[in-house]
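Contents: one structure, followed by commentary.
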Amino acid sequence: MKRTLLAGFLIIAVVVLGASQEMEFYQQLYNIAPTAAEKYLVFQEAQKADMSDAVDFYAWVLERVVLEYPNVKGNQNIEAANENMKDLALLLGEAQHLPSAGYLWRAETVFSDPIVKAEILVALGKMQAVDFLPHVIQILKDMNEGRVSKNSKDRERVAFGAIVSLENYGDQQGYLPVYLASTGWYSETVKHQAAVSLPKILDNPIEPLTELIQSPSYPYSIKYEALRTIENSQVSNDAKSDFAIAAYREGWRASTGNPVQQQDLTRIRKLCISMINRYKTEDTQVYPLLERSYKEGTDEEEKFDAISALASLASEDAVRLLSSFVGVINEKVRDGSLRQRDERMIRALIAALGQTGSSDAASALRSIQSTDWPSTVKRLAADETAKIQ
């Protein structure tokens, strides 16, 4: 029936327009069509015609679809309008027809179908419609934070479109919301797309992830994931070390009575220490942090990790701290307050001082030998002293 109607419209248009240009022909035919469903049939026929000025025709149809959509009634017509808009977004996006961006964005606010919205967002990115970049970013932020009152499947579809859009934009501003999507509440399909898009947006994520680490707006679990992202990235070792120190400061700046959050902070500090151990640093800000981990770390592993990192740095500051730790434990031997864990710690400190290879470490090692330690501990200290001298 629809095809019969379309044939009738073609006859009318030919009589009215005669030898007019193709675009004018299809514009008139589109205007004559009484319903959204029949207009979509005209649009499909125009696509088949492969007009030389097809993009101009698509832009013209876009304006009509947007303006007429609020008055469309009936499921069949609404579905046809949705399909028409999806086709228009795809075609105009591929053509990078920037003049259409304004009406595409208007369509995003008018149409409710999540797939239509997603296609529109993707098209805006392909067009490099920078005026609407902040809007696309905000949409993804809202989806990440669950501010939009839609079911999760619809929200995922829109989020997917926003992620691909921001990939197409390739602007650094889009990195952080896409990163948060990659660690967010979404299905694996959406999170995978976000992970794939991230390096296409920015190959060095230090700046946006430093912003995340230092901001109080994000949970510690997300900050830990940001640290892991940098650890696994292709940035330089110096950049990794600098980032680790920034995250390490955050790991000690924050305080919480929540056991889960405490665990996340401990994980952050331990990974920071591991990175500093591996990549080294000349930043003296690291020493108060390592000292605090040794003295206040929430578990013994963090204390041992701090000792290991100081041994790896092997600087004058590192040796000074290690020696001061030895002095405190030696004093416990003298006043009789030594605990079993202190002996485990002194063994680690002996090995660390020896590893530094510093002549300054020998003094601390000799102090162990002159204190009332068991013979096995004194022997360890003597062996490490011999390696240095």
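FYI, nothing fancy with the structure tokens labels: chains A, B, ... in order, residues from 1 per chain, ligands from 1 as they appear.
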
Need the shell around A:Glu22: protein/DNA/RNA residues with any atom at most 10 Å away, counting only C-alpha atoms. Skip same-chain ones fewer than 5 positions apart. Format as a PyMOL selection string? chain A and resi 17+27-28+46+49-54+57

Kindly export the residues of the current selection with C-alpha atoms, as a short mmCIF file (atom, residue, chain, number, x, y, z; two decimals), in the first residue's frame.
```cif
data_model
loop_
_atom_site.label_atom_id
_atom_site.label_comp_id
_atom_site.auth_asym_id
_atom_site.auth_seq_id
_atom_site.Cartn_x
_atom_site.Cartn_y
_atom_site.Cartn_z
CA LEU A 17 7.78 19.97 -11.30
CA GLN A 27 11.94 17.98 -1.53
CA GLN A 28 8.52 18.55 -3.05
CA ALA A 46 16.06 9.73 -2.60
CA ALA A 49 18.83 8.11 -6.54
CA ASP A 50 22.44 8.92 -5.55
CA MET A 51 21.99 12.65 -6.12
CA SER A 52 25.07 14.82 -6.62
CA ASP A 53 23.80 17.20 -3.94
CA ALA A 54 22.59 14.43 -1.62
CA PHE A 57 19.15 17.15 0.73
#
```

What lies within 6 Å of A:Ile268 using only C-alpha atoms, ignoring chain neighbours under 3 positions off, as a list in words?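 Selected residues are Tyr224, Leu265 and Leu271 of chain A.
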
Restricting it to N, CA, C and O atoms, dump the selection as a tab-separated table (two decimals), in the first residue's frame.
```tsv
chain	number	residue	atom	x	y	z
A	224	TYR	N	42.82	4.17	42.95
A	224	TYR	CA	43.71	3.01	42.85
A	224	TYR	C	43.76	2.51	41.40
A	224	TYR	O	44.84	2.19	40.88
A	265	LEU	N	43.05	2.80	50.53
A	265	LEU	CA	44.17	3.69	50.77
A	265	LEU	C	45.47	2.90	50.96
A	265	LEU	O	46.53	3.30	50.46
A	271	LEU	N	51.07	0.20	46.18
A	271	LEU	CA	51.40	0.25	44.76
A	271	LEU	C	52.33	1.41	44.47
A	271	LEU	O	53.26	1.29	43.66
```

Enumerate as a PyMOL selection string all residues of stretch 245-361 of chain A assigned to alpha helix (DSSP H) by DSSP on the backbone, naming them with the chain letters and numbers the document uses. chain A and resi 245-253+259-279+286-296+300-313+316-335+340-356+359-361

Close residues, A:Val190 itself excluded, 9 Å, only C-alpha atoms, min 5 positions apart in chain, as a PyMOL selection string: chain A and resi 156-157+159-160+163+181-182+195

For A:Trp252, find every residue with an atom within 10 Å (counting only C-alpha atoms), except residues of its own chain fewer than 3 positions away, and show them as a ChimeraX atom specification. /A:247-249,255,265-266,268-269,289,292-293,296-297

Nearest candidate to A:Arg320 (options A:Glu145, A:Glu250, A:Glu291, A:Glu108; using only C-alpha atoms): A:Glu291

Exercise: stretch 58-71 of chain A partners within 8 Å, only C-alpha atoms, chain neighbours under 2 positions left out, as number ranges by chain: A: 54-56, 73, 78, 81, 84-85, 88, 91-92, 100, 103-104, 106-107, 110-111

Store the residues of this selection in a file with N, CA, C and O atoms, as a PDB file, in the first residue's frame.
```
ATOM      1  N   ALA A  54      23.314  15.232  -2.607  1.00  0.00           N
ATOM      2  CA  ALA A  54      22.590  14.429  -1.617  1.00  0.00           C
ATOM      3  C   ALA A  54      22.768  14.976  -0.206  1.00  0.00           C
ATOM      4  O   ALA A  54      21.808  15.022   0.575  1.00  0.00           O
ATOM      5  N   VAL A  55      23.973  15.413   0.142  1.00  0.00           N
ATOM      6  CA  VAL A  55      24.225  15.884   1.506  1.00  0.00           C
ATOM      7  C   VAL A  55      23.367  17.104   1.815  1.00  0.00           C
ATOM      8  O   VAL A  55      22.831  17.241   2.921  1.00  0.00           O
ATOM      9  N   ASP A  56      23.212  17.973   0.841  1.00  0.00           N
ATOM     10  CA  ASP A  56      22.356  19.148   1.049  1.00  0.00           C
ATOM     11  C   ASP A  56      20.910  18.711   1.274  1.00  0.00           C
ATOM     12  O   ASP A  56      20.184  19.302   2.096  1.00  0.00           O
ATOM     13  N   LYS A  73       2.451  11.368  15.481  1.00  0.00           N
ATOM     14  CA  LYS A  73       1.566  10.527  16.291  1.00  0.00           C
ATOM     15  C   LYS A  73       1.537   9.110  15.715  1.00  0.00           C
ATOM     16  O   LYS A  73       1.643   8.910  14.513  1.00  0.00           O
ATOM     17  N   ILE A  78       6.177   7.194  14.570  1.00  0.00           N
ATOM     18  CA  ILE A  78       7.287   7.494  15.484  1.00  0.00           C
ATOM     19  C   ILE A  78       8.490   6.616  15.147  1.00  0.00           C
ATOM     20  O   ILE A  78       9.634   7.089  15.099  1.00  0.00           O
ATOM     21  N   ALA A  81      10.106   7.944  11.990  1.00  0.00           N
ATOM     22  CA  ALA A  81      10.870   9.164  12.265  1.00  0.00           C
ATOM     23  C   ALA A  81      12.190   8.826  12.950  1.00  0.00           C
ATOM     24  O   ALA A  81      13.237   9.420  12.650  1.00  0.00           O
ATOM     25  N   ASN A  84      14.471   7.406  10.353  1.00  0.00           N
ATOM     26  CA  ASN A  84      14.932   8.494   9.486  1.00  0.00           C
ATOM     27  C   ASN A  84      16.053   9.275  10.153  1.00  0.00           C
ATOM     28  O   ASN A  84      17.066   9.598   9.536  1.00  0.00           O
ATOM     29  N   MET A  85      15.875   9.559  11.442  1.00  0.00           N
ATOM     30  CA  MET A  85      16.894  10.331  12.155  1.00  0.00           C
ATOM     31  C   MET A  85      18.185   9.539  12.293  1.00  0.00           C
ATOM     32  O   MET A  85      19.282  10.098  12.178  1.00  0.00           O
ATOM     33  N   LEU A  88      19.935   9.797   9.025  1.00  0.00           N
ATOM     34  CA  LEU A  88      20.463  11.150   8.816  1.00  0.00           C
ATOM     35  C   LEU A  88      21.735  11.378   9.631  1.00  0.00           C
ATOM     36  O   LEU A  88      22.711  11.955   9.133  1.00  0.00           O
ATOM     37  N   LEU A  91      24.575   9.443   7.912  1.00  0.00           N
ATOM     38  CA  LEU A  91      24.986  10.016   6.628  1.00  0.00           C
ATOM     39  C   LEU A  91      25.686  11.368   6.799  1.00  0.00           C
ATOM     40  O   LEU A  91      26.733  11.619   6.197  1.00  0.00           O
ATOM     41  N   LEU A  92      25.116  12.222   7.628  1.00  0.00           N
ATOM     42  CA  LEU A  92      25.705  13.550   7.820  1.00  0.00           C
ATOM     43  C   LEU A  92      26.985  13.467   8.646  1.00  0.00           C
ATOM     44  O   LEU A  92      27.907  14.266   8.437  1.00  0.00           O
ATOM     45  N   SER A 100      25.198  20.950   9.868  1.00  0.00           N
ATOM     46  CA  SER A 100      24.048  20.213  10.412  1.00  0.00           C
ATOM     47  C   SER A 100      24.143  20.007  11.921  1.00  0.00           C
ATOM     48  O   SER A 100      23.199  19.495  12.533  1.00  0.00           O
ATOM     49  N   TYR A 103      21.199  21.363  14.282  1.00  0.00           N
ATOM     50  CA  TYR A 103      19.937  20.619  14.250  1.00  0.00           C
ATOM     51  C   TYR A 103      20.113  19.202  14.796  1.00  0.00           C
ATOM     52  O   TYR A 103      19.185  18.642  15.386  1.00  0.00           O
ATOM     53  N   LEU A 104      21.306  18.621  14.631  1.00  0.00           N
ATOM     54  CA  LEU A 104      21.541  17.306  15.224  1.00  0.00           C
ATOM     55  C   LEU A 104      21.463  17.387  16.747  1.00  0.00           C
ATOM     56  O   LEU A 104      20.872  16.526  17.399  1.00  0.00           O
ATOM     57  N   ARG A 106      19.841  19.601  18.439  1.00  0.00           N
ATOM     58  CA  ARG A 106      18.438  19.830  18.772  1.00  0.00           C
ATOM     59  C   ARG A 106      17.671  18.510  18.740  1.00  0.00           C
ATOM     60  O   ARG A 106      16.804  18.256  19.585  1.00  0.00           O
ATOM     61  N   ALA A 107      18.014  17.657  17.774  1.00  0.00           N
ATOM     62  CA  ALA A 107      17.367  16.350  17.682  1.00  0.00           C
ATOM     63  C   ALA A 107      17.686  15.500  18.910  1.00  0.00           C
ATOM     64  O   ALA A 107      16.827  14.770  19.412  1.00  0.00           O
ATOM     65  N   VAL A 110      15.297  16.388  21.481  1.00  0.00           N
ATOM     66  CA  VAL A 110      13.888  16.172  21.142  1.00  0.00           C
ATOM     67  C   VAL A 110      13.540  14.686  21.120  1.00  0.00           C
ATOM     68  O   VAL A 110      12.501  14.274  21.626  1.00  0.00           O
ATOM     69  N   PHE A 111      14.410  13.876  20.513  1.00  0.00           N
ATOM     70  CA  PHE A 111      14.136  12.445  20.376  1.00  0.00           C
ATOM     71  C   PHE A 111      14.414  11.734  21.693  1.00  0.00           C
ATOM     72  O   PHE A 111      15.370  12.054  22.408  1.00  0.00           O
TER      73      PHE A 111
END
```

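Candidate residues A:Ala352, A:Val122, A:Asn330, A:Ser324 were compared for distance to A:Leu310, and the nearest is A:Ala352, using only C-alpha atoms.
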
Please provide as an NGL selection string all residues within 12 Å of stretch 238-245 of chain A, with the sequence filter that same-chain residues fewer than 2 positions apart are discarded (counting only C-alpha atoms). :A and (204-214 or 223-224 or 226-236 or 247-252 or 268-290)

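Residue neighbourhood of A:Ala362, excluding near-sequence residues (fewer than 3 positions): Ser359, Leu365 and Thr385 of chain A, at 6 Å, using only C-alpha atoms.
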
Would you write out those residues with all heavy atoms, as a short mmCIF file (atom, residue, chain, number, x, y, z; two decimals), in the first residue's frame?
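result_8.cif, written as the output of this step:
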```cif
data_model
loop_
_atom_site.label_atom_id
_atom_site.label_comp_id
_atom_site.auth_asym_id
_atom_site.auth_seq_id
_atom_site.Cartn_x
_atom_site.Cartn_y
_atom_site.Cartn_z
N SER A 359 78.91 3.67 52.52
CA SER A 359 79.80 3.60 53.69
C SER A 359 79.11 4.16 54.93
O SER A 359 79.42 3.77 56.06
CB SER A 359 81.09 4.38 53.41
OG SER A 359 80.80 5.74 53.08
N LEU A 365 75.13 -0.56 60.93
CA LEU A 365 75.33 -2.01 61.01
C LEU A 365 76.23 -2.37 62.19
O LEU A 365 75.99 -3.37 62.89
CB LEU A 365 75.93 -2.51 59.69
CG LEU A 365 74.98 -2.48 58.49
CD1 LEU A 365 75.75 -2.73 57.19
CD2 LEU A 365 73.86 -3.51 58.64
N THR A 385 78.22 -5.62 56.75
CA THR A 385 79.28 -4.62 56.95
C THR A 385 80.50 -4.99 56.10
O THR A 385 81.13 -4.11 55.49
CB THR A 385 79.67 -4.55 58.44
OG1 THR A 385 78.52 -4.30 59.22
CG2 THR A 385 80.69 -3.45 58.68
#
```

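One distance worth recording is that between atom CA of A:Asp154 and atom CA of A:Ile115, which is 8.0 Å.
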